[in-house]
Amino acid sequence: MIARAEAPTTPTVSTPSRGATVHGNARRTIAAEAAVEGVGLHLGRPCRLVFKPAPPDTGIVFVRVDLAGSAPIPARVAVAVEAERRTQLGTGEAALHTVEHVLAAVGGLEIDDLLIEMDGPEPPIMDGSAAPFLEALLHVGLAANAGRPDWLVLRKSIRVVDGESVYEAHPSHGFGLDVTIDFPHALIGEQRGQYSVNPTTFRSELASARTFGFVHEVEALRAKGLIQGASTANAIVLDAQGLVDTSLRWPDEFVRHKALDCVGDLVLAGARVRARIVAHKPSHRGTVALVRALVQHAIREPSVHTIEDILQVLPHRYPFLLVDRILDVEEGKRIVGLKNVTINEPFFQGHFPGHPIMPGVLIIEAMAQVGGMLLMRTIDDPTSKVVYFMSLDNVKFRRPVKPGDQLRLELDVIQMRGTMCKMKGTAYVDGQVVTEAEMAAMVRDR
């Protein structure tokens with residue numbers, strides 16, 4: 001039987017709260033050190049874990065400070081090894097066990113560069129969720145690092161099968177999870193959860209979901225040296241009658257925790273994943289196999305969005321697609337795009353022949369399409385939606401735009417309410433304003 005225990009240890013944080021927020025496409029680290037401590041779930045050994053800021057392009061790196069001369073271990077799928085009931089990095093005495101909840105907090109906050117020091121082989125289990133790690137990181141605050149995040153962008157759908165675990169990954173402009181589990185227990189059964197994963201939704205919908213297990217498995221697992229540190233204070237425990245010494249945080253906490261595990265294991269891609277992932281009966285081994293397939297098939301690129309990305313999101317095609325590249329995005333606040341104007345544009349055949357000038361209404365349309373990219377980024381399946389523009393105000397045309405010009409289109413959010421958004425747009429050529437406008441838009445079903 002799993003022991004009953006007192007409330008789990010609360011995180012010990014090394015500095016006062018800083019409340020930092022990082023916007024835009026900057027890489028992320030943390031503003032100061034934060035520490036948590038407790039016992040590990042499987043090995044049952046005490047461990048103090050310290051999060052430390054890291055320089056740009058470090059990635060997520062673990063260090064065993066209890067082993068003299070121990071080499072840093074990157075959180076990458078190349079060093080992941082098969083292990084029962086957990087995600088393990090490395091082998092032998094220096095191996096790291098059960099890192100998935102720590103990585104879930106890191107991935108949920110979209111942290112790119114971080115040093116994680118541990119004085120034991122396994123992070124503390126805390127309350128069995130990622131919330132204590134996430135709150136410790138938020139307590140010291142996020143900080144911008146130089147450079148841009150790396151993205152793992154999927155161009156075509158893939159399918160991975162590992163035993164009962166079946167995964168499909170589809171191209172998407174964001175990171176979405178559709179997770180289904182099925183356990184022969186009255187409190188679980190078949191559960192399904194769909195999540196658009198970002199720092200806000202991860203904190204509110206997934207971070208606090210706890211790991212779970214069954215009383216009838218305890219003896220066999222402990223005989224294998226596993227769940228040595230498990231108790232009813234750090235896991236949801238179920239017997240034949242129901243819950244043991246706990247209550248659920250959500251009725252579907254079980255599938256939420258499986259989604260949390262997926263977020264953690266996907267950090268092993270070494271980049272922010274841009275895909276919609278459908279997972280049926282996911283496991284740590286299966287998700288690691290999925291990550292290996294993603295690394296093999298996806299394209300690694302910085303956060304500039306190319307024409308291929310734009311074509312996946314906007315419904316416009318020749319001759320009405322009027323944006324060539326997205327340069328910068330500050331989620332919910334701002335977006336910057338480029339339109340290269342050439343003499344080959346079809347509208348030049350009839351608009352002032354012999355004196356070609358880009359029609360002002362098409363400059364406004366190019367602005368609107370860039371703004372549409374900002375709105376559509378929040379949708380897992382943009383092919384099911386369309387952006388309708390509802391109003392234009394304060395339109396001003398300052399200078400003509402001619403072939404050979406490059407339009408820089410900057411859209412700033414003035415107000416956002418649900419699916420409606422009001423934006424201020426400014427178009428520049430060579431740093432000089434050519435057009436300004438305020439516009440309102442709404443996302444609707446296609």
# chains A, B, ... in the order shown; residues from 1 in each chain; ligands from 1
>>> residues_around(residues="Tyr428 in chain A", least_positions_apart="2", cutoff="12 Å", atoms="only C-alpha atoms", output="PyMOL selection string")
chain A and resi 336-340+363+367+397-401+405-411+425-426+430-436
>>> write_last_selection(atoms="N, CA, C and O atoms", output="mmCIF file, in the first residue's frame")
data_model
loop_
_atom_site.group_PDB
_atom_site.id
_atom_site.type_symbol
_atom_site.label_atom_id
_atom_site.label_comp_id
_atom_site.auth_asym_id
_atom_site.auth_seq_id
_atom_site.Cartn_x
_atom_site.Cartn_y
_atom_site.Cartn_z
ATOM 1 N N VAL A 336 4.652 42.279 -37.377
ATOM 2 C CA VAL A 336 5.344 43.008 -38.437
ATOM 3 C C VAL A 336 5.503 42.079 -39.639
ATOM 4 O O VAL A 336 5.994 40.951 -39.494
ATOM 5 N N GLY A 337 5.083 42.551 -40.825
ATOM 6 C CA GLY A 337 5.204 41.749 -42.031
ATOM 7 C C GLY A 337 5.845 42.537 -43.169
ATOM 8 O O GLY A 337 6.006 43.767 -43.094
ATOM 9 N N LEU A 338 6.228 41.812 -44.237
ATOM 10 C CA LEU A 338 6.848 42.427 -45.418
ATOM 11 C C LEU A 338 6.059 42.076 -46.674
ATOM 12 O O LEU A 338 5.557 40.960 -46.828
ATOM 13 N N LYS A 339 5.961 43.048 -47.572
ATOM 14 C CA LYS A 339 5.417 42.824 -48.904
ATOM 15 C C LYS A 339 6.389 43.416 -49.910
ATOM 16 O O LYS A 339 6.694 44.615 -49.884
ATOM 17 N N ASN A 340 6.937 42.579 -50.778
ATOM 18 C CA ASN A 340 7.829 43.047 -51.839
ATOM 19 C C ASN A 340 6.996 43.430 -53.061
ATOM 20 O O ASN A 340 6.240 42.607 -53.591
ATOM 21 N N ILE A 363 -2.750 48.322 -50.416
ATOM 22 C CA ILE A 363 -1.862 48.498 -49.258
ATOM 23 C C ILE A 363 -2.646 48.208 -47.978
ATOM 24 O O ILE A 363 -2.170 47.519 -47.070
ATOM 25 N N MET A 367 -2.058 45.233 -45.182
ATOM 26 C CA MET A 367 -2.084 45.438 -43.731
ATOM 27 C C MET A 367 -3.054 44.459 -43.072
ATOM 28 O O MET A 367 -2.756 43.834 -42.048
ATOM 29 N N PHE A 397 -3.126 58.197 -46.783
ATOM 30 C CA PHE A 397 -2.113 57.797 -47.763
ATOM 31 C C PHE A 397 -1.090 58.922 -47.849
ATOM 32 O O PHE A 397 -1.403 60.022 -48.297
ATOM 33 N N ARG A 398 0.135 58.648 -47.407
ATOM 34 C CA ARG A 398 1.150 59.691 -47.285
ATOM 35 C C ARG A 398 2.048 59.809 -48.514
ATOM 36 O O ARG A 398 2.456 60.909 -48.885
ATOM 37 N N ARG A 399 2.403 58.665 -49.120
ATOM 38 C CA ARG A 399 3.339 58.672 -50.255
ATOM 39 C C ARG A 399 2.954 57.530 -51.194
ATOM 40 O O ARG A 399 2.427 56.511 -50.752
ATOM 41 N N PRO A 400 3.254 57.654 -52.492
ATOM 42 C CA PRO A 400 2.961 56.550 -53.418
ATOM 43 C C PRO A 400 3.942 55.394 -53.233
ATOM 44 O O PRO A 400 5.083 55.583 -52.817
ATOM 45 N N VAL A 401 3.466 54.193 -53.525
ATOM 46 C CA VAL A 401 4.287 52.984 -53.471
ATOM 47 C C VAL A 401 4.458 52.479 -54.897
ATOM 48 O O VAL A 401 3.472 52.288 -55.627
ATOM 49 N N ASP A 405 9.721 48.869 -54.405
ATOM 50 C CA ASP A 405 9.612 49.203 -52.982
ATOM 51 C C ASP A 405 9.377 47.939 -52.154
ATOM 52 O O ASP A 405 8.845 46.939 -52.640
ATOM 53 N N GLN A 406 9.774 48.012 -50.906
ATOM 54 C CA GLN A 406 9.472 46.945 -49.943
ATOM 55 C C GLN A 406 8.619 47.564 -48.838
ATOM 56 O O GLN A 406 9.054 48.438 -48.111
ATOM 57 N N LEU A 407 7.394 47.074 -48.717
ATOM 58 C CA LEU A 407 6.476 47.564 -47.687
ATOM 59 C C LEU A 407 6.747 46.840 -46.365
ATOM 60 O O LEU A 407 6.726 45.611 -46.311
ATOM 61 N N ARG A 408 6.998 47.617 -45.327
ATOM 62 C CA ARG A 408 7.064 47.068 -43.974
ATOM 63 C C ARG A 408 5.742 47.416 -43.296
ATOM 64 O O ARG A 408 5.411 48.598 -43.143
ATOM 65 N N LEU A 409 4.993 46.401 -42.907
ATOM 66 C CA LEU A 409 3.635 46.561 -42.399
ATOM 67 C C LEU A 409 3.609 46.249 -40.913
ATOM 68 O O LEU A 409 3.854 45.104 -40.510
ATOM 69 N N GLU A 410 3.351 47.247 -40.089
ATOM 70 C CA GLU A 410 3.357 47.076 -38.636
ATOM 71 C C GLU A 410 1.943 47.268 -38.106
ATOM 72 O O GLU A 410 1.302 48.299 -38.340
ATOM 73 N N LEU A 411 1.433 46.263 -37.390
ATOM 74 C CA LEU A 411 0.090 46.291 -36.823
ATOM 75 C C LEU A 411 0.187 46.207 -35.307
ATOM 76 O O LEU A 411 0.818 45.278 -34.770
ATOM 77 N N GLY A 425 -2.640 50.180 -38.001
ATOM 78 C CA GLY A 425 -1.658 49.723 -38.968
ATOM 79 C C GLY A 425 -0.872 50.876 -39.564
ATOM 80 O O GLY A 425 -1.425 51.938 -39.833
ATOM 81 N N THR A 426 0.426 50.636 -39.762
ATOM 82 C CA THR A 426 1.289 51.627 -40.404
ATOM 83 C C THR A 426 2.164 50.912 -41.423
ATOM 84 O O THR A 426 2.777 49.883 -41.105
ATOM 85 N N ASP A 430 11.314 52.275 -46.805
ATOM 86 C CA ASP A 430 12.599 52.906 -46.453
ATOM 87 C C ASP A 430 12.479 53.782 -45.205
ATOM 88 O O ASP A 430 13.045 54.883 -45.127
ATOM 89 N N GLY A 431 11.703 53.318 -44.232
ATOM 90 C CA GLY A 431 11.585 54.019 -42.965
ATOM 91 C C GLY A 431 10.615 55.186 -42.971
ATOM 92 O O GLY A 431 10.427 55.822 -41.934
ATOM 93 N N GLN A 432 9.990 55.485 -44.104
ATOM 94 C CA GLN A 432 9.057 56.604 -44.195
ATOM 95 C C GLN A 432 7.626 56.068 -44.280
ATOM 96 O O GLN A 432 7.341 55.084 -44.990
ATOM 97 N N VAL A 433 6.712 56.714 -43.553
ATOM 98 C CA VAL A 433 5.316 56.285 -43.537
ATOM 99 C C VAL A 433 4.677 56.524 -44.900
ATOM 100 O O VAL A 433 4.771 57.627 -45.457
ATOM 101 N N VAL A 434 4.026 55.500 -45.437
ATOM 102 C CA VAL A 434 3.306 55.658 -46.701
ATOM 103 C C VAL A 434 1.796 55.557 -46.509
ATOM 104 O O VAL A 434 1.033 56.172 -47.256
ATOM 105 N N THR A 435 1.363 54.775 -45.514
ATOM 106 C CA THR A 435 -0.080 54.597 -45.281
ATOM 107 C C THR A 435 -0.323 54.329 -43.798
ATOM 108 O O THR A 435 0.481 53.652 -43.143
ATOM 109 N N GLU A 436 -1.452 54.856 -43.287
ATOM 110 C CA GLU A 436 -1.883 54.578 -41.918
ATOM 111 C C GLU A 436 -3.368 54.246 -41.938
ATOM 112 O O GLU A 436 -4.118 54.754 -42.782
#
>>> residues_around(residues="range 222-230 of chain A", least_positions_apart="2", cutoff="10 Å", atoms="only C-alpha atoms", output="count of residues only")
30
>>> select_by_dssp(residues="range 16-184 of chain A", states="alpha helix (DSSP H)", output="PyMOL selection string")
chain A and resi 100-108+131-140
>>> select_by_dssp(residues="range 61-294 of chain A", states="strand (DSSP E or B)", output="MDAnalysis selection string")
chainID A and resid 61:64 73:74 80:81 88:89 96 114:118 142:145 150:153 158:162 165:171 175:183 189:196 212:214 231 236:238 243 272:280
>>> closest_atom_pairs(of="range 177-224 of chain A", to="range 243-259 of chain A", cutoff="9 Å", atoms="only C-alpha atoms", output="Markdown table")
| residue | atom | partner | partner_atom | distance |
| --- | --- | --- | --- | --- |
| A:Leu177 | CA | A:Ala259 | CA | 7.1 |
| A:Asp178 | CA | A:Ala259 | CA | 8.1 |
| A:Val179 | CA | A:Ala259 | CA | 6.3 |
| A:Thr180 | CA | A:Val255 | CA | 6.8 |
| A:Ile181 | CA | A:Val255 | CA | 6.2 |
| A:Leu187 | CA | A:Pro251 | CA | 8.3 |
| A:Ile188 | CA | A:Phe254 | CA | 7.1 |
| A:Glu190 | CA | A:Val255 | CA | 8.9 |
| A:Gln191 | CA | A:Val255 | CA | 6.0 |
| A:Arg192 | CA | A:Val255 | CA | 6.4 |
| A:Gly193 | CA | A:Val255 | CA | 6.4 |
| A:Gln194 | CA | A:Ala259 | CA | 8.9 |
| A:Tyr195 | CA | A:Ala259 | CA | 8.4 |
| A:Glu205 | CA | A:Arg256 | CA | 7.5 |
| A:Leu206 | CA | A:Arg256 | CA | 5.6 |
| A:Ala207 | CA | A:His257 | CA | 8.0 |
| A:Ser208 | CA | A:Arg249 | CA | 7.9 |
| A:Ala209 | CA | A:His257 | CA | 4.8 |
| A:Arg210 | CA | A:His257 | CA | 5.8 |
| A:Thr211 | CA | A:His257 | CA | 6.1 |
| A:Phe212 | CA | A:Phe254 | CA | 7.1 |
| A:Val215 | CA | A:Val244 | CA | 8.9 |
>>> residues_around(residues="Ser157 in chain A", least_positions_apart="5", cutoff="7 Å", atoms="only C-alpha atoms", output="MDAnalysis selection string")
chainID A and resid 169:171
>>> write_last_selection(atoms="N, CA and C atoms", output="compact mmCIF listing (two decimals), in the first residue's frame")
# COMPACT_ATOMS: atom_id res chain seq x y z
N ALA A 169 0.86 13.84 -35.86
CA ALA A 169 1.30 15.23 -35.74
C ALA A 169 1.00 15.92 -37.06
N HIS A 170 0.33 17.06 -36.98
CA HIS A 170 -0.11 17.78 -38.17
C HIS A 170 0.46 19.20 -38.18
N PRO A 171 0.72 19.76 -39.35
CA PRO A 171 1.20 21.14 -39.42
C PRO A 171 0.24 22.09 -38.72
>>> residues_around(residues="Asp162 in chain A", least_positions_apart="4", cutoff="8 Å", atoms="only C-alpha atoms", output="compact mmCIF listing (two decimals) with N, CA, C and O atoms, in the first residue's frame")
# COMPACT_ATOMS: atom_id res chain seq x y z
N VAL A 166 -0.49 5.71 -29.93
CA VAL A 166 -0.59 6.11 -31.34
C VAL A 166 -0.62 7.63 -31.40
O VAL A 166 -1.40 8.27 -30.70
N ARG A 285 7.66 6.51 -23.36
CA ARG A 285 8.43 5.88 -24.45
C ARG A 285 7.86 6.28 -25.81
O ARG A 285 8.60 6.60 -26.75
N GLY A 286 6.52 6.27 -25.91
CA GLY A 286 5.89 6.63 -27.17
C GLY A 286 6.12 8.08 -27.55
O GLY A 286 6.39 8.40 -28.72
N ALA A 289 9.52 8.56 -28.85
CA ALA A 289 9.57 8.09 -30.25
C ALA A 289 8.98 9.14 -31.19
O ALA A 289 9.49 9.36 -32.30
>>> atom_distance(atom1="CA of Arg317 in chain A", atom2="CA of Asn344 in chain A")
15.6 Å
>>> residues_around(residues="Gly332 in chain A", least_positions_apart="3", cutoff="12 Å", atoms="only C-alpha atoms", output="ChimeraX atom specification")
/A:23-24,329,335,371-378,411-423
>>> atom_distance(atom1="CA of Asp309 in chain A", atom2="CA of Val323 in chain A")
11.3 Å
>>> residues_around(residues="Gly92 in chain A", least_positions_apart="6", cutoff="12 Å", atoms="only C-alpha atoms", output="count of residues only")
3
>>> atom_distance(atom1="CA of Pro199 in chain A", atom2="CA of Gly107 in chain A")
8.5 Å
>>> closest_residue(among="A:Ala78, A:Arg48, A:Thr200, A:Tyr388", to="Val65 in chain A", atoms="only C-alpha atoms")
A:Arg48
>>> closest_residue(among="A:Glu117, A:Phe133, A:Phe175, A:Val370", to="His316 in chain A", atoms="only C-alpha atoms")
A:Val370
